[in-house]
Amino acid sequence: MLAAQGGEACGGNARGVSRFPFSTAHAQAVGVVAAWMEEAGLSAGCDEFGNLIGARPGSGDGPTIILGSHLDTVPCGGIFDGALGVVAGVEVAAALRESGRGLRHALAVVGFADEEGHQFGVGTLASRCVTGRIPRERFASLRGRDGRTLAESRAAFAPGLPRCAFPERAAAYLELHIEQGPVLARSGRRVAVVSTITGIARTVVVLEGEANHAGTTPMTDRRDALVGAADLVLAVGALARAEGAPAVGTVGALSVSPGASNVVPGRVELSIEFRTTDGVQLRSLCTGIGVEAHQVAQSRGVSCHVGDWDLRDPVPMDEGVQRAIARAIHEAGHEPFVMPSGAGHDAMVLAPHVPSGMIFVPSAGGISHCPREWTDWEDAALGATVLLRTVMLLDEANLRAARVLPSHDAS
Ligand SMILES: [Zn+2]
């Protein structure tokens with residue numbers, strides 16, 4: 001399996017998968033999946049951004065139905081996140097070939113090179129390049145953790161496949177993915193159709209107090225920036241809880257200056273992130289924590305600066321594609337359960353350009369991005385079956401004129 005391409009020790013007893021874009025492990029994985037693609041009747045190649053694409057023509061001249069997900073992982077990740085959607089896409093092609101069933105539409109299976117953003121600091125990098133949201137010049141000049149530019153990494157990336165292009169005329173994009181949360185596993189459900197991919201708002205808050213001697217400064221005289229930050233951490237959680245699921249709020253990074261056990265903290269910088277599927281609610285959370293931050297600053301005698309919000313609105317999945325997935329789930333003998341995605345995916349980048357949909361299968365214990373990530377093989381197979389049936393339903397429908405992806409307009 002793909003776990004063999006990029007497995008390494010990750011501390012403790014756990015071994016995980018660290019398959020970073022354009023690494024040797026990535027090239028090996030691309031080679032393995034490309035061979036599977038060829039067996040399944042797909043012509044495999046790599047595009048200019050390093051994405052693996054296996055394609056076969058349809059019987060008509062209709063646009064392409066694209067199945068995909070990503071081949072990269074976080075450091076010490078699991079074997080399912082991303083890889084499942086790519087491998088399931090190849091299985092769909094193989095099943096169609098074995099059954100001798102042709103499609104009117106062309107079919108393509110895509111393994112995006114970089115979704116996690118670990119190496120170059122930009123999430124969903126590869127799909128954003130394909131859709132033109134990251135211009136070629138920026139793609140080329142991004143610098144990775146190893147000091148090389150993306151252009152240099154791409155040039156050195158040699159999986160031994162012919163160069164090909166991302167489908168220009170796409171009818172739909174479908175992504176099977178593990179849920180990466182506890183909803184399905186906890187409810188005993190085995191498959192779901194995704195309604196919306198969460199919106200995300202992030203900022204950095206700086207609290208400035210006064211660094212002073214921790215032994216001689218009375219408690220009443222302190223302007224402790226970390227105590228203010230502690231209030232703010234609690235406020236982020238309280239605001240998200242008050243809104244209810246699926247709203248979540250996280251302070252995931254905190255830096256304390258000067259950071260010594262005998263000094264009252266003078267300055268703290270902390271990240272704040274909110275996620276929810278309602279754009280209005282997302283903005284109200286941002287406003288709410290801004291008010292809280294200034295109240296905290298006042299009560300703790302520190303100053304406070306809330307940085308600009310990096311706000312990405314929720315992305316709804318296409319209603320027609322959702323209906324097709326729901327029907328496929330029903331035909332597979334399951335209730336078409338609908339749920340949002342709390343994680344970002346390539347589908348949210350493709351969705352503004354191509355009607356897109358996602359299928360979720362359970363993550364055991366709601367665990368992901370770690371070696372213990374697990375999905376029962378029966379559930380993975382059910383997801384692939386739903387993916388196959390959705391492709392057939394979409395192929396039978398008269399899909400509307402394809403939308404040309406902007407990066408190809410420019411070329
Ligand atoms: Zn993923």
# chains A, B, ... in the order shown; residues from 1 in each chain; ligands from 1
$ residues_near_ligand --ligand "ligand 1" --cutoff "10 Å" --atoms "only C-alpha atoms and all ligand atoms" --output "PyMOL selection string"
chain A and resi 69-74+80-85+114-116+124+175-180+343-346+368-369
$ residues_around --residues "Gly290 of chain A" --least-positions-apart "3" --cutoff "10 Å" --atoms "only C-alpha atoms" --output "ChimeraX atom specification"
/A:205,232,284-287,293-296,304-307
$ select_by_dssp --residues "segment 162-264 of chain A" --states "alpha helix (DSSP H)" --output "list of chain:residue names"
A:Val183, A:Leu184, A:Ala185, A:Arg186, A:Ser187, A:Ala225, A:Leu226, A:Val227, A:Gly228, A:Ala229, A:Ala230, A:Asp231, A:Leu232, A:Val233, A:Leu234, A:Ala235, A:Val236, A:Gly237, A:Ala238, A:Leu239, A:Ala240, A:Arg241, A:Ala242, A:Glu243
$ atom_distance --atom1 "atom CA of Gly209 of chain A" --atom2 "atom CA of Pro265 of chain A"
7.4 Å
$ closest_residue --among "A:Ile53, A:Val90, A:Leu239, A:Leu207" --to "Pro162 of chain A" --atoms "only C-alpha atoms"
A:Ile53
$ residues_around --residues "Ile367 of chain A" --least-positions-apart "5" --cutoff "12 Å" --atoms "only C-alpha atoms" --output "list in words"
Gly77, Gly78, Phe80, Asp81, Ile178, Glu179, Gln180, Gly181, Pro182, Val183, Leu184, Ala185, Arg186, Pro362, Arg372, Glu373, Trp374 and Thr375 of chain A
$ residues_around --residues "Ser187 of chain A" --least-positions-apart "6" --cutoff "12 Å" --atoms "only C-alpha atoms" --output "list in words"
Gly181, Phe337, Pro362, Ser363, Ala364, Gly365 and Gly366 of chain A
$ write_last_selection --atoms "C-alpha atoms" --output "PDB file, in the first residue's frame"
ATOM      1  CA  GLY A 181     -13.640  13.877  13.117  1.00  0.00           C
ATOM      2  CA  PHE A 337     -26.655  11.351   6.082  1.00  0.00           C
ATOM      3  CA  PRO A 362     -15.637   7.325   9.328  1.00  0.00           C
ATOM      4  CA  SER A 363     -12.392   7.965  11.158  1.00  0.00           C
ATOM      5  CA  ALA A 364     -12.106   5.513  14.053  1.00  0.00           C
ATOM      6  CA  GLY A 365     -12.134   7.487  17.301  1.00  0.00           C
ATOM      7  CA  GLY A 366     -12.295  10.702  15.270  1.00  0.00           C
TER       8      GLY A 366
END
$ closest_residue --among "A:Ala351, A:Val264, A:Ala247, A:Val87" --to "Asp224 of chain A" --atoms "only C-alpha atoms"
A:Val264
$ residues_around --residues "Arg223 of chain A" --least-positions-apart "2" --cutoff "7 Å" --atoms "only C-alpha atoms" --output "list in words"
Gly209, Glu210, Asp221, Ala225, Arg300, Gly301 and Val302 of chain A
$ closest_residue --among "A:Arg19, A:Arg389, A:Arg145, A:Arg154" --to "Cys76 of chain A" --atoms "only C-alpha atoms"
A:Arg19
$ residues_around --residues "Glu269 of chain A" --least-positions-apart "3" --cutoff "8 Å" --atoms "only C-alpha atoms" --output "count of residues only"
7
